[in-house]
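*Asks:* Right, I'll just put the structure down here and ask away after.
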Amino acid sequence: MTSAEQQRLTDADEGGVLWRKWGPYLSERQWGSVREDYSPGGDAWNHLTHDQARSRAYRWGEDGIAGLSDDRQLLCLALAMWNGRDPILKERFFGVTNAEGNHGEDVKEYYFYLDGTPTHSYQKMLYKYPQREFPYHDLVATNGARGREQFEYELLDTGVFEGDRYFDVEVEHAKAGPEDILVRITVHNRGPAPAVIRLLPTLWFRNTWTGTAGERPSMFQMPGVTGAAVAEARHPELGRRWLLVQGEHPLLFTENESNDERFGGGPNAAPFVKDAIDRFVVRGEKEAVNPALTGTKLAADIALEIPAGDRAVVRLRLTEEPVVPGAVRERLGPAFEETVEQRRREADEFYAERLAAGLSADERRMVRQAMAGMLWSKQYFGYDVEAWLAQHGRDPLDAGDIRNGRWYHLIAHDVISMPDAWEYPWFAAWDLAFHTVAFSLIDLTFAKRQLDLLLSRRYLHPNGQIPAYEWNFGDVNPPVHAWATYLVHELDKARHGHGDRDWLATAFHKLARNFTWWVNRKDADGNNVFQGGFLGLDNIGVFDRSAPLPTGGHLDQADGTAWMALYCQNMLQIALELARDDPGYVEQAQTYLEHFAWIAAAVNHPGRASMWDEDDGFFYDLLRLPDGTATRLKVRSMVGLLPLAAATVFDASVVARHPEIIDEGNSFLAAHPSVSAAVPGGYAGRHGTHLLALFDETRLRRILARLLDENEFLSPYGIRSLSKFHDAHPFEFDVGGARYRVAYTPAESDSGMFGGNSNWRGPIWFPVNALMIRALLNLYGGYGDDFTVECPTGSGVRLTLFEVAREISHRLTRIFLPGPDGRRPCHGGQDIFASEHWRDLITFSEYFHGDNGAGLGAAHQTGWTGLAAVFPVLFARVTGPQLLEHGMTGIFTAFEEGAS
């Protein structure tokens, strides 16, 4: 039986019902973003700060707590609150900036995404709000005084939660209809004494009218209503909406306009400004709000005194259904509660249907919260680069020296899956590809649309480059878009019995443009060996790989070359899939097969300096110097493991369907004996499969011996990004009297490279672990059960590569599950997370400590860490014998059949 939520998805996808129109699309931080930066030198963090955010109207988006908006972010609803002690309203989450933190930017709050459905028919999150004064100054001062060798100073370290003197603020959204949203706010007093809190649910229009001739929206209080406070909001595009607030609470009105006078910027454009509600509540400035009860921003002022250990409930409703004054009370009464509870039950049914089979209770909780984080991190992203450049007084066609000046074609006004709603409230290309894999578990349509987005003409550069991320669209992220596209298509095909061929073909042709950009721009010598810069791995290397090298010359990058080898394999997979219906794609498939062969030959060419080191049994970046010499930079890192990821098996059925591919491949090798001599191991796999890889079996065993060595890459919690070998043996390189050093650093970075809030010198990162698991499954498909390795290395325990992949998955999942002592490694040993009201709250961080699994980096990096939801589901549904019987293409069918 189809669940109610699945039916809503079907109605949205096939019937055009706008179930996805409203969602948690409000950012958690708009301040400090590139879009809002109008400083001369591009200092985004300091141009619009957290302190200024309450008083300055944004231009491109909005932020708030537990918020929602329509998909164009014209109208926003979020929660503000005040504990009677803070110097400002709690309207947005606080954190230190990149310059203030000893390890870069970091949110200093505790909030958790607990539930969500793909249509946002139900969602729930929790915020822990201290009853003591929030220690803004202490957090900035103490973090600023600490060095990179010290831990970050967190909110728990301040003592503000001692004695459980805090509120648990639970916010639930439930849709009675696509345009009828119920909001239930439950405030628990966890402290030992009665405590007062003022809740200020806030409704406002994004400021789209300043500097335009468009009609200004408005909102006003509806008179003659008893038992509730009601406001009507009118927008020229959105139409009319009503906000209903249970109880006869006062509504405070102002305008979403900047308070320029606060910053010495001359007279305000309006008498009532953005920070009026803060001034009214916190400072008692009664004249700050509009007595005429009209404006473009309002808040209901709800004062609650909650006994110790008790709770209070507040109900709101945002609806397009007109309000009749005498019929308001029942719209916030028992039927309201029944709808919220029904949507919660429907969420349970949806996840039981889609994800729960074969999982333990702890795994189900982990998967559910991981998916909730993915859903809550969908945000509206607005950025018209040409308009932004013009606002800077720059000629969009001649603005190359300003940030993103060469991306004047880019126009964004979309809901996008963000890596982290506070620390990374902007898309990043390779992050987004991984996000779509997690989203494909629950919402294939959204996953496909996200992949479409960066390939659309509004985003993809005319030269074929995919924009990397907001701080520098022209930087280079790893090309994983084709990998995600093929995977999502195969899941779509398995789930529905047929694939979306038109979607896949359209994506293929756009990806071909991007592939050509890589070939033309990132192969410095034209030798099929690639560069690319930092490629998302930040400070993993000896040097900043995005900057000119201190030695001169350039790097041949093992990871850049591996990414391109994988890109060839993915494009080959897509072309062969499309060739089922159109034989014209066979020629395209042959082209990508041959391009892979050229890359494999270049990597393994015996007559030139190679990335492969025979003594170490490992791949390294190759430093090519201006004098023509070359040397390997012998850092055992993820850079050298990524060639393992470029392993793809093609099932016998594919070969049987297109035998001309093999025939032409053999003809190609015969015509190019130099390639044939250098390509490792040929193509033949077990039982008619064909395996493409950058290594032969001998080299594979040597790589795996390091990968699975617990004194090198294999952590109790997954695969480290740098070998632990470099703990006792740091790599050092001298240039011009300067010494460059790489050592194993399992936690936060001790380097300022790339801002210092990201570390690839030891911690565990989920996206590259996912690619290692994918590679092992493909290699298992090629080699079968006869190929076994020691896991861990030296243990005497021999496993198939399927079993190795499953073991790595179990180690990754262990990060989020309670151990024998009831503690979850992701919490990093914080005692409070073992207590009653914290122990079931799971954090999905940006990366994880290489030795103990503690969460590090961005505190809610639910983007690529959302892959945590995929691993236990995958290995609960798919077995090794299934993979060998049905092949890698059949693994998707087995996965979908396991859902039932």
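Residue names in the structure tokens use chain letters A, B, ... in the order shown, residue numbers from 1 in each chain, and ligand numbers from 1 in the order shown.
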Taking the DSSP assignment computed from this structure's backbone, write out as a PyMOL selection string all residues of range 430-528 of chain A that belong to helix (DSSP H, G or I).
*Replies:* chain A and resi 430-439+444-455+481-496+501-521
*Asks:* Give me, as CSV, each residue of range 718-830 of chain A that comes within 12 Å of range 105-125 of chain A, together with its shortest interatomic pair and the distance in Å at one decimal, counting only C-alpha atoms, with rows ordered by chain and rising residue number.
*Replies:*
```
residue,atom,partner,partner_atom,distance
A:Glu748,CA,A:Asp106,CA,11.9
A:Phe754,CA,A:Glu105,CA,11.6
A:Gly755,CA,A:Glu105,CA,8.4
A:Gly756,CA,A:Glu105,CA,8.8
A:Asn757,CA,A:Glu105,CA,6.6
A:Ser758,CA,A:Glu105,CA,9.9
```
*Asks:* Quick one: write out the picked residues with N, CA and C atoms as a CSV table (one decimal), in the first residue's frame?
*Replies:*
```
chain,number,residue,atom,x,y,z
A,748,GLU,N,41.1,19.0,14.1
A,748,GLU,CA,41.1,20.2,13.3
A,748,GLU,C,42.4,20.6,12.7
A,754,PHE,N,43.4,27.6,3.2
A,754,PHE,CA,42.0,27.5,3.0
A,754,PHE,C,41.1,27.9,4.2
A,755,GLY,N,41.6,28.8,5.0
A,755,GLY,CA,40.8,29.3,6.1
A,755,GLY,C,40.9,28.6,7.4
A,756,GLY,N,41.5,27.3,7.3
A,756,GLY,CA,41.8,26.6,8.6
A,756,GLY,C,40.6,25.9,9.2
A,757,ASN,N,39.4,26.0,8.6
A,757,ASN,CA,38.3,25.2,9.2
A,757,ASN,C,38.0,23.9,8.5
A,758,SER,N,39.0,23.5,7.8
A,758,SER,CA,38.8,22.2,7.1
A,758,SER,C,40.2,21.5,7.1
```
*Asks:* Please identify all polymer residues within 9 Å of Arg501 in chain A, counting only C-alpha atoms, omitting same-chain residues fewer than 5 positions from it, and present them as a list in words.
*Replies:*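 After dropping sequence-adjacent residues, the list is His489, Thr506, Glu577, Leu578 and Asp581 of chain A.
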*Asks:* Excluding range 819-827 of chain A and any residue of its chain fewer than 4 positions from it, enumerate the residues within 10 Å of it, using only C-alpha atoms, and give them as a list of chain:residue names.
*Replies:*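 After dropping sequence-adjacent residues, the list is A:Tyr717, A:Arg814, A:Ile815, A:Asp831, A:Ile832, A:Phe833, A:Ala834, A:Ser835, A:Arg839, A:Asp840, A:Leu841, A:Ile842, A:Thr843, A:Phe844, A:Ser845, A:Tyr847, A:Phe848, A:His849, A:Asn852, A:Gly853, A:Ala854, A:Gly855, A:Leu856.
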*Asks:* Considering only C-alpha atoms, tabulate each residue of range 284-333 of chain A that lies at most 12 Å from range 75-92 of chain A along with its nearest interatomic pair and the corresponding distance in Å to one decimal; arrange the rows by chain and ascending residue number and present them as a Markdown table.
*Replies:*
```
| residue | atom | partner | partner_atom | distance |
| --- | --- | --- | --- | --- |
| A:Gly284 | CA | A:Gly84 | CA | 11.7 |
| A:Thr296 | CA | A:Leu75 | CA | 9.6 |
| A:Lys297 | CA | A:Cys76 | CA | 9.4 |
| A:Leu298 | CA | A:Leu77 | CA | 9.7 |
| A:Ala299 | CA | A:Ala80 | CA | 8.4 |
| A:Ala300 | CA | A:Ala80 | CA | 9.7 |
| A:Asp301 | CA | A:Met81 | CA | 9.3 |
| A:Ile302 | CA | A:Met81 | CA | 9.2 |
| A:Ala303 | CA | A:Trp82 | CA | 9.4 |
| A:Leu304 | CA | A:Asn83 | CA | 10.1 |
| A:Glu305 | CA | A:Asn83 | CA | 10.5 |
| A:Ile306 | CA | A:Asn83 | CA | 11.7 |
| A:Val314 | CA | A:Leu79 | CA | 11.4 |
| A:Leu316 | CA | A:Leu77 | CA | 10.3 |
| A:Arg317 | CA | A:Leu77 | CA | 10.4 |
| A:Leu318 | CA | A:Leu77 | CA | 8.6 |
| A:Thr319 | CA | A:Leu77 | CA | 11.8 |
```
*Asks:* Would you list the contacts of Ala438 in chain A as a PDB file with C-alpha atoms, in the first residue's frame, taking every protein, DNA or RNA residue within 9 Å and counting only C-alpha atoms, but skipping same-chain residues closer than 5 positions in sequence?
*Replies:*
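Listing of selection-v1.pdb after writing:
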```pdb
ATOM      1  CA  MET A 371      17.576  12.538   6.078  1.00  0.00           C
ATOM      2  CA  MET A 374      19.250  16.879   4.318  1.00  0.00           C
ATOM      3  CA  ALA A 447      17.664  14.663  -6.896  1.00  0.00           C
ATOM      4  CA  GLY A 863      25.112  17.550   2.895  1.00  0.00           C
ATOM      5  CA  TRP A 864      27.656  14.944   1.937  1.00  0.00           C
ATOM      6  CA  GLY A 866      23.976  12.632   4.613  1.00  0.00           C
ATOM      7  CA  LEU A 867      25.561   9.688   2.790  1.00  0.00           C
ATOM      8  CA  ALA A 868      25.594   8.150   6.273  1.00  0.00           C
ATOM      9  CA  ALA A 869      21.961   7.239   5.583  1.00  0.00           C
ATOM     10  CA  VAL A 870      22.870   5.309   2.442  1.00  0.00           C
TER      11      VAL A 870
END
```
*Asks:* Quick one: everything within 9 Å of Leu244 in chain A, counting only C-alpha atoms, minus sequence neighbours fewer than 5 positions away in the same chain. Send it as a PyMOL selection string.
*Replies:* chain A and resi 228-232+315-319+323+328+331-332
*Asks:* Pull N, CA and C atoms from the residues just selected and write them as a short mmCIF file (atom, residue, chain, number, x, y, z; two decimals), in the first residue's frame.
*Replies:*
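Resulting contents of part_29.cif:
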```
data_model
loop_
_atom_site.label_atom_id
_atom_site.label_comp_id
_atom_site.auth_asym_id
_atom_site.auth_seq_id
_atom_site.Cartn_x
_atom_site.Cartn_y
_atom_site.Cartn_z
N ALA A 228 -7.65 34.78 19.07
CA ALA A 228 -6.42 34.64 18.27
C ALA A 228 -6.04 36.01 17.74
N ALA A 229 -4.79 36.11 17.30
CA ALA A 229 -4.33 37.30 16.58
C ALA A 229 -4.17 36.90 15.12
N VAL A 230 -4.70 37.70 14.22
CA VAL A 230 -4.68 37.37 12.80
C VAL A 230 -4.13 38.54 12.01
N ALA A 231 -3.22 38.23 11.10
CA ALA A 231 -2.69 39.26 10.20
C ALA A 231 -2.87 38.78 8.77
N GLU A 232 -3.13 39.72 7.89
CA GLU A 232 -3.22 39.42 6.47
C GLU A 232 -1.99 39.99 5.77
N ARG A 315 0.47 27.63 18.95
CA ARG A 315 0.02 27.18 17.63
C ARG A 315 -0.12 28.36 16.68
N LEU A 316 0.40 28.17 15.45
CA LEU A 316 0.29 29.16 14.39
C LEU A 316 -0.23 28.47 13.14
N ARG A 317 -0.77 29.28 12.25
CA ARG A 317 -1.20 28.73 10.96
C ARG A 317 -0.98 29.78 9.89
N LEU A 318 -0.26 29.41 8.84
CA LEU A 318 -0.04 30.28 7.68
C LEU A 318 -0.80 29.65 6.52
N THR A 319 -1.77 30.37 5.99
CA THR A 319 -2.69 29.76 5.05
C THR A 319 -3.11 30.73 3.96
N VAL A 323 -9.77 34.17 6.15
CA VAL A 323 -10.17 34.04 7.55
C VAL A 323 -11.52 34.70 7.76
N VAL A 328 -12.19 31.47 13.73
CA VAL A 328 -10.73 31.35 13.86
C VAL A 328 -10.35 30.30 14.88
N ARG A 331 -9.86 26.69 13.93
CA ARG A 331 -8.77 26.41 13.01
C ARG A 331 -7.44 26.25 13.74
N LEU A 332 -7.44 26.52 15.04
CA LEU A 332 -6.25 26.31 15.87
C LEU A 332 -6.53 25.34 17.02
#
```
*Asks:* Using only C-alpha atoms for the distances, tell me which of A:Asp431, A:Glu790, A:Glu261, A:Asp750 is nearest to Trp765 in chain A.
*Replies:*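 Closest to Trp765 in chain A of all the choices is A:Asp431.
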*Asks:* Could you state the separation of CA of Leu460 in chain A and CA of Leu511 in chain A in Å, given to one decimal place?
*Replies:*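 Answer for the CA of Leu460 in chain A to CA of Leu511 in chain A separation: 9.9 Å.
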*Asks:* Tell me, as a list of chain:residue names, which residues lie within 12 Å of Glu885 in chain A, counting only C-alpha atoms; anything in the same chain fewer than 4 positions away does not count.
*Replies:*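 What passes the distance filter is A:Asp651, A:Ala652, A:Ser653, A:Arg686, A:His687, A:Thr689, A:Tyr780, A:Gly781, A:Gly782, A:Gly784, A:Asp785, A:Val878, A:Thr879, A:Gly880, A:Pro881, A:Thr889, A:Gly890, A:Ile891, A:Ala894.
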*Asks:* Could you save the residues just selected, with C-alpha atoms, as a short mmCIF file (atom, residue, chain, number, x, y, z; two decimals), in the first residue's frame?
*Replies:*
```
data_model
loop_
_atom_site.label_atom_id
_atom_site.label_comp_id
_atom_site.auth_asym_id
_atom_site.auth_seq_id
_atom_site.Cartn_x
_atom_site.Cartn_y
_atom_site.Cartn_z
CA ASP A 651 28.51 -6.68 -16.74
CA ALA A 652 28.50 -9.47 -19.27
CA SER A 653 25.04 -8.38 -20.39
CA ARG A 686 35.26 -12.85 -14.27
CA HIS A 687 32.41 -14.54 -16.18
CA THR A 689 32.61 -8.92 -17.12
CA TYR A 780 34.30 -7.40 -6.33
CA GLY A 781 32.05 -7.60 -9.37
CA GLY A 782 35.16 -8.00 -11.51
CA GLY A 784 34.54 -12.27 -7.43
CA ASP A 785 34.83 -14.40 -4.31
CA VAL A 878 22.22 -6.14 -1.01
CA THR A 879 24.42 -9.21 -0.57
CA GLY A 880 27.57 -10.37 -2.29
CA PRO A 881 25.88 -13.29 -4.07
CA THR A 889 23.50 -2.92 -12.89
CA GLY A 890 21.35 -5.41 -10.99
CA ILE A 891 22.47 -4.06 -7.64
CA ALA A 894 18.16 -5.57 -5.50
#
```
*Asks:* I'd like to know which residues of range 342-576 of chain A are strand (DSSP E) (by DSSP, run on the backbone); could you write them as number ranges by chain?
*Replies:* A: 378-384, 411-417, 554-556
*Asks:* Return the single residue from A:Thr97, A:Ser546, A:Thr186, A:Asn604 that is closest to His173 in chain A, with distances computed using only C-alpha atoms.
*Replies:*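 Closest candidate: A:Thr186.
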*Asks:* One number please: CA of Gly762 in chain A to CA of Asn477 in chain A, in Å, one decimal.
*Replies:*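 It comes out at 20.3 Å.
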*Asks:* One number please: CA of Ser795 in chain A to CA of Pro746 in chain A, in Å, one decimal.
*Replies:*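 These atoms are spaced 23.4 Å apart.
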